[in-house]
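Okay, so here's the structure we're looking at.
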Amino acid sequence: MAQGLIYPTRAKRWQSVIVHVLGLIPLLVLGINLARGMYWVNPVQAAIQRSGDAAVLFLLASLTCTPLTWKRDWAWIGRWRRPLGLFAFGYALLHVSLYAGVDYGLNWAWLSAEFGEKPYLWFGAGAFLILFLMALSSPRWIQRRLGKTWKHLHRWVYLGALLALVHLGLVVKGDPLQLRGDIWKPLLIGVGMGVVLGARLLRGVIRKLQ
Ligand code: HEM
């Protein structure tokens, strides 16, 4: 009995350690690579790209938790959703800070000129705004207070994921729709998001029909 009570707590603690170690790996790799001068040609651009990659990957990982919890005995995976989502926001914040703060020195005139020239920045900004709102409303007391509204609100994360995907698709030098150029990243992320979103939609339809 006592063991039964101790085990879940210990398992939870280990899971939490694993998620946090996983979450910090991209930052560690980025730091090591920067220190070793691997990105000597343009370290700021490389850091913007790597943090953007990490943000989109953690976002996908967080979204993937939901369909996995539908499998019997896999409900525990639901606990990973929140920390993974927060890591996605953390890397997006780093990405945006490096771009606006380090690359453009918070020069609003230059930044607004960039936004005028590059439509992909608007998609990134939309995705970032949604991730920001998700992170802001992620504390458990807010979740408890908002009840069902919180669940509805957090469905916006799917729109955030789609905007991030379009942002990535427009950034790469290639055409993901015509399968030309350097498109493997948006293609892989797009397939992953398609599977997760498709599974959610399908489940919603099946539940309505039952
Ligand atoms: C205001 C918000 C944002 C701005 C201004 C922004 C800006 C940029 C810029 C300038 C690049 C091109 C870097 C280069 O190749 O020189 C980029 C690429 C990228 N961004 Fe963003 N971004 C924003 C939000 C986001 C968000 C929210 C995500 C993910 C959730 C994201 C993910 C990515 C990815 C994956 C890339 C491609 C990296 C690569 O080439 O490997 N961005 N972004």
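Chain identifiers are assigned as A, B, and so on, following the order in which chains appear in the structure tokens; residues are numbered from 1 within each chain, and ligands are numbered from 1 in order of appearance.
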Exercise. Please write out the residues within 7 Å of ligand 1 as a list in words, counting only C-alpha atoms and all ligand atoms.
Key: Gln45, Ile48, Gln49, Arg50, Gly52, Asp53, Ala55, Val56, Leu59, Ala88, Ala92, His95, Val96, Tyr99, Ala100, Leu121, Gly124, Ala125, Ala127, Phe128, Leu131, Ala161, Ala164, His167, Leu168, Val171 and Val172 of chain A
Exercise. Go through segment 4-204 of chain A and collect every residue that DSSP, computed from the backbone, puts in helix (DSSP H, G or I); the answer should be as number ranges by chain.
Key: A: 4-35, 43-69, 75-103, 108-117, 120-136, 140-146, 148-154, 156-171, 184-204
Self-check item: Contact residues around Leu60 of chain A with only C-alpha atoms at 10 Å, ignoring same-chain residues under 2 positions, as a ChimeraX atom specification
Solution: /A:54-58,62-65,84-85,88,158,161,189-190,192-193,196
Store the residues of this selection in a file with N, CA and C atoms, as a short mmCIF file (atom, residue, chain, number, x, y, z; two decimals), in the first residue's frame.
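Once everything was written out, this is part_11.cif:
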```
data_model
loop_
_atom_site.label_atom_id
_atom_site.label_comp_id
_atom_site.auth_asym_id
_atom_site.auth_seq_id
_atom_site.Cartn_x
_atom_site.Cartn_y
_atom_site.Cartn_z
N ALA A 54 14.00 24.72 -32.34
CA ALA A 54 13.66 24.11 -31.04
C ALA A 54 12.22 24.47 -30.66
N ALA A 55 11.81 25.72 -30.90
CA ALA A 55 10.46 26.15 -30.54
C ALA A 55 9.41 25.32 -31.28
N VAL A 56 9.62 25.15 -32.57
CA VAL A 56 8.62 24.43 -33.37
C VAL A 56 8.61 22.93 -33.01
N LEU A 57 9.77 22.38 -32.67
CA LEU A 57 9.83 20.96 -32.30
C LEU A 57 9.13 20.71 -30.96
N PHE A 58 9.37 21.59 -29.98
CA PHE A 58 8.71 21.41 -28.68
C PHE A 58 7.20 21.63 -28.79
N SER A 62 4.58 18.86 -27.74
CA SER A 62 3.51 19.14 -26.77
C SER A 62 2.15 18.74 -27.34
N LEU A 63 1.93 19.05 -28.62
CA LEU A 63 0.64 18.71 -29.25
C LEU A 63 0.48 17.19 -29.40
N THR A 64 1.61 16.50 -29.58
CA THR A 64 1.56 15.04 -29.78
C THR A 64 1.11 14.32 -28.51
N CYS A 65 1.32 14.96 -27.35
CA CYS A 65 0.95 14.30 -26.08
C CYS A 65 -0.54 13.96 -26.05
N LEU A 84 6.35 20.82 -21.96
CA LEU A 84 6.86 20.87 -23.35
C LEU A 84 6.37 22.15 -24.04
N GLY A 85 5.12 22.51 -23.77
CA GLY A 85 4.56 23.75 -24.34
C GLY A 85 5.31 24.97 -23.82
N ALA A 88 8.50 25.28 -25.55
CA ALA A 88 8.26 25.84 -26.90
C ALA A 88 8.21 27.36 -26.80
N TYR A 158 -3.56 25.24 -31.63
CA TYR A 158 -3.49 24.61 -32.95
C TYR A 158 -3.33 25.66 -34.05
N ALA A 161 0.22 26.70 -33.96
CA ALA A 161 1.08 25.72 -34.64
C ALA A 161 1.01 25.90 -36.15
N ILE A 189 7.69 18.77 -40.29
CA ILE A 189 6.86 19.38 -39.24
C ILE A 189 5.40 19.39 -39.71
N GLY A 190 5.20 19.67 -41.00
CA GLY A 190 3.84 19.70 -41.55
C GLY A 190 3.17 18.34 -41.45
N GLY A 192 3.91 15.95 -39.30
CA GLY A 192 3.67 15.72 -37.87
C GLY A 192 2.43 16.46 -37.40
N MET A 193 2.32 17.72 -37.76
CA MET A 193 1.17 18.51 -37.32
C MET A 193 -0.11 18.02 -37.97
N VAL A 196 -1.31 14.96 -36.01
CA VAL A 196 -1.86 15.30 -34.69
C VAL A 196 -3.22 16.01 -34.84
#
```
Quiz item: atom CA of Trp70 of chain A and atom CA of Val191 of chain A, how far apart in Å?
Solution: 20.1 Å
Practice problem: For each of A:Thr66, A:Arg72, A:Trp110, A:Ile32, take the minimum atom-to-atom distance to Arg155 of chain A, counting only C-alpha atoms, then give the residue where this is smallest. | Solution: A:Thr66
Quiz prompt | Non-local contacts of Leu153 of chain A (10 Å; only C-alpha atoms; under 6 positions in same chain excluded) as a VMD selection string | solution = chain A and resid 133 to 134 137 146
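Ranking A:Trp76, A:Gly31, A:Ile183, A:Val44 by their shortest atom-to-atom distance to Gly101 of chain A, with only C-alpha atoms included, puts A:Val44 first.
Interatomic distance, atom CA of Leu163 of chain A against atom CA of Ile130 of chain A: 9.5 Å.
Proximity ranking of A:Leu177, A:Pro67, A:Val21, A:Ser51 relative to Leu201 of chain A places A:Pro67 first, based on only C-alpha atoms.
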Self-check item: Residues flagged strand (DSSP E) by DSSP in segment 85-185 of chain A, as a ChimeraX atom specification
Solution: /A:174-175,180-181
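Remark: for Ala199 of chain A, the closest of the candidate residues A:Gln143, A:Leu68, A:Lys185, A:Gln178 is A:Leu68 (distances computed over only C-alpha atoms).
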Exercise. Go ahead and compute the interatomic distance for atom CA of Val102 of chain A and atom CA of Val166 of chain A, in Å to one decimal.
Key: 24.1 Å
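Ranking A:Ala113, A:Ile25, A:Val19, A:Arg81 by their shortest atom-to-atom distance to His154 of chain A, with only C-alpha atoms included, puts A:Arg81 first.
Minimum distance to Gly174 of chain A across A:Pro26, A:Gly198, A:Gly126, A:Pro186 (counting only C-alpha atoms) occurs at A:Pro186.
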